Amino acid sequence: MSESGPPSRLRVGLLGCGTVGTEVVRLLLAHAEELSQRAGVRLELSGIAVRSLETERDPVVPRELLTTDAEAVVAGSDVVVELLAGVQPARDLLARAVAAGTTVVSGNKAVLATSGPELYEAAEAAGAGVFFEAAVAGAVPVVRGIRESLAGDRITRVLGIVNGTTNFILDEMTREGSDFADVLTRAQELGYAEADPTADVGGHDAAAKAAILASLAFHSRVAQADVPVTGITDITPDDIEAAAAMGYTIKLLAIAERGDGGLAVRVHPALVAHDHPLAGVHGAYNAVVVDAEAAGTLMFYGAGAGGRPTASAVLGDLVSAARLRTSGARPPVESRYAALPVVDPATVSTRYLVRLDVADRPGVLADIARAFAAHDVSVEKLRQVVTREGAAGLVLVTHRQTEAALAAAVADIAELDPVHRVTSVLRVEGS
């Protein structure tokens with residue numbers, strides 16, 4: 001909704017008042033004067049849509065603003081802050097808001113990764129804005145960094161840890177040598193993992209964020225469905241020990257890079273060298289490394305989740321939206337001019353770590369070397385190990401190869417008589 005002339009206030013409607021929403025309310029009320037000075041207009045909380053009025057809430061939330069009528073909150077707002085869980089009803093409410101010319105601030109990665117283009121088009125047609133810093137990495141300002149600070153550069157790759165739950169789990173497994181299941185249980189007890197952790201440990205949360213980042217960085221539309229995903233549920237302490245012995249740490253990475261045929265976007269566990277910046281990201285923190293032609297390599301790092309950090313990102317977007325509104329400037333629009341196709345990541349060359357359980361007898365290495373050579377796969381590093389079960393093992397790291405060549409070589413190796421099994425195949429990234 002609009003007022004004639006420069007407004008003296010902006011009515012802020014909030015959809016959802018969970019952990020993040022409560023912190024948005026707290027900070028918006030506590031720092032009202034300061035935020036108004038920065039925004040150039042008074043930011044007035046006008047309504048808070050919730051599922052139930054009976055839910056016990058933090059006293060900071062004004063009960064008189066609570067309502068179950070989300071559509072009324074949208075209709076009565078100049079800016080809508082959407083912090084709902086899941087795709088619906090968030091998508092329909094956001095669509096209704098932007099169609100009416102109301103700028104929205106959203107933390108909903110699921111909606112943006114599946115229906116972002118429709119929202120962006122509707123917003124552009126109506127002169128509204130869509131801000132979504134909180135949807136990718138909590139307080140980490142990577143969206144603004146890519147969309148604004150690097151707008152004059154050409155990005156070649158985005159590589160990041162964008163899910164705090166999986167980073168916490170892998171970090172604890174690395175530090176303690178514990179099994180995945182044990183650490184997951186502890187993460188749930190500490191509140192780092194949901195009761196149903198599938199979206200996190202399966203990599204789907206990271207895939208939604210990868211789609212958003214790839215779309216921004218490469219000025220092309222990338223949907224979550226375009227992102228192949230492998231989660232961390234199969235990572236074992238032996239994998240982590242083998243990686244460490246070869247100089248690497250295992251992280252769940254969201255990756256988007258420009259290739260000759262288009263964009264390769266994927267999410268999977270990968271090895272990064274101990275001296276790589278991402279190897280030092282511990283606990284539930286997030287970090288995104290951006291490679292650009294002129295700026296070089298940049299890293300955005302910080303708290304990727306939690307009420308206050310995420311609320312910080314929401315309020316940053318809210319202030320930006322308010323400034324544009326009061327100045328009469330048009331908000332940022334979707335940049336999709338490049339229209340790069342999304343290609344199969346299997347066509348991208350990378351290095352691999354392969355772990356094998358083998359018979360402890362002469363000639364094993366020669367047999368394996370011949371199988372690799374037959375598919376033009378060369379080995380960079382090789383180490384003999386003893387597994388936790390006391391069996392003989394080999395860990396090797398290849399030079400850069402396509403997934404197809406590596407898979408063919410591994411299939412042949414699995415058929416060799418002295419090879420008991422191929423235990424794991426993991427990509428090596430960041431080098």
# chains A, B, ... in the order shown; residues from 1 in each chain; ligands from 1
$ select_by_dssp --residues "region 187-408 of chain A" --states "helix (DSSP H, G or I)" --output "JSON, numbers by chain"
{"A": [187, 188, 189, 190, 198, 199, 200, 201, 204, 205, 206, 207, 208, 209, 210, 211, 212, 213, 214, 215, 216, 217, 218, 224, 225, 226, 237, 238, 239, 240, 241, 242, 243, 244, 245, 277, 278, 279, 280, 307, 308, 309, 310, 311, 312, 313, 314, 315, 316, 317, 318, 319, 320, 321, 322, 323, 324, 325, 326, 327, 345, 346, 347, 364, 365, 366, 367, 368, 369, 370, 371, 372, 373, 403, 404, 405, 406, 407, 408]}
$ select_by_dssp --residues "region 74-137 of chain A" --states "strand (DSSP E)" --output "ChimeraX atom specification"
/A:79-82,103-106,130-131
$ residues_around --residues "His204 (chain A)" --least-positions-apart "3" --cutoff "12 Å" --atoms "only C-alpha atoms" --output "PyMOL selection string"
chain A and resi 109-110+113+162-163+166+197-201+207-211+224-232+252-254+266-268
$ write_last_selection --atoms "C-alpha atoms" --output "short mmCIF file (atom, residue, chain, number, x, y, z; two decimals), in the first residue's frame"
data_model
loop_
_atom_site.label_atom_id
_atom_site.label_comp_id
_atom_site.auth_asym_id
_atom_site.auth_seq_id
_atom_site.Cartn_x
_atom_site.Cartn_y
_atom_site.Cartn_z
CA LYS A 109 14.91 -20.47 0.94
CA ALA A 110 12.39 -23.15 -0.04
CA ALA A 113 14.62 -21.85 -4.73
CA VAL A 162 25.83 -23.17 3.98
CA ASN A 163 24.30 -25.58 6.47
CA THR A 166 25.98 -30.70 8.81
CA PRO A 197 16.97 -33.86 10.18
CA THR A 198 16.47 -35.12 6.62
CA ALA A 199 16.55 -31.71 4.94
CA ASP A 200 19.87 -30.91 6.59
CA VAL A 201 21.81 -34.18 6.60
CA ALA A 207 20.77 -27.40 -2.38
CA ALA A 208 18.10 -24.70 -2.06
CA LYS A 209 20.78 -22.23 -1.00
CA ALA A 210 23.09 -23.37 -3.80
CA ALA A 211 20.36 -22.63 -6.33
CA GLN A 224 16.62 -26.42 -6.60
CA ALA A 225 15.59 -29.25 -8.93
CA ASP A 226 18.69 -28.45 -11.04
CA VAL A 227 21.04 -29.25 -8.13
CA PRO A 228 22.22 -32.87 -7.69
CA VAL A 229 22.55 -33.69 -4.00
CA THR A 230 24.47 -36.15 -1.86
CA GLY A 231 24.16 -35.84 1.91
CA ILE A 232 26.49 -36.81 4.74
CA LEU A 252 29.41 -30.63 2.96
CA LEU A 253 29.81 -28.09 0.17
CA ALA A 254 27.44 -26.17 -2.06
CA ARG A 266 25.92 -29.47 -6.91
CA VAL A 267 25.92 -30.30 -3.19
CA HIS A 268 27.99 -33.13 -1.79
#
$ atom_distance --atom1 "CA of Gly107 (chain A)" --atom2 "CA of Val319 (chain A)"
15.2 Å
$ residues_around --residues "Ala181 (chain A)" --least-positions-apart "5" --cutoff "12 Å" --atoms "only C-alpha atoms" --output "list of chain:residue names"
A:Ile169, A:Leu170, A:Glu172, A:Met173, A:Arg186, A:Ala187, A:Gln188, A:Pro197, A:Val201, A:Ile232, A:Thr233, A:Asp234, A:Ile235, A:Thr236, A:Pro237
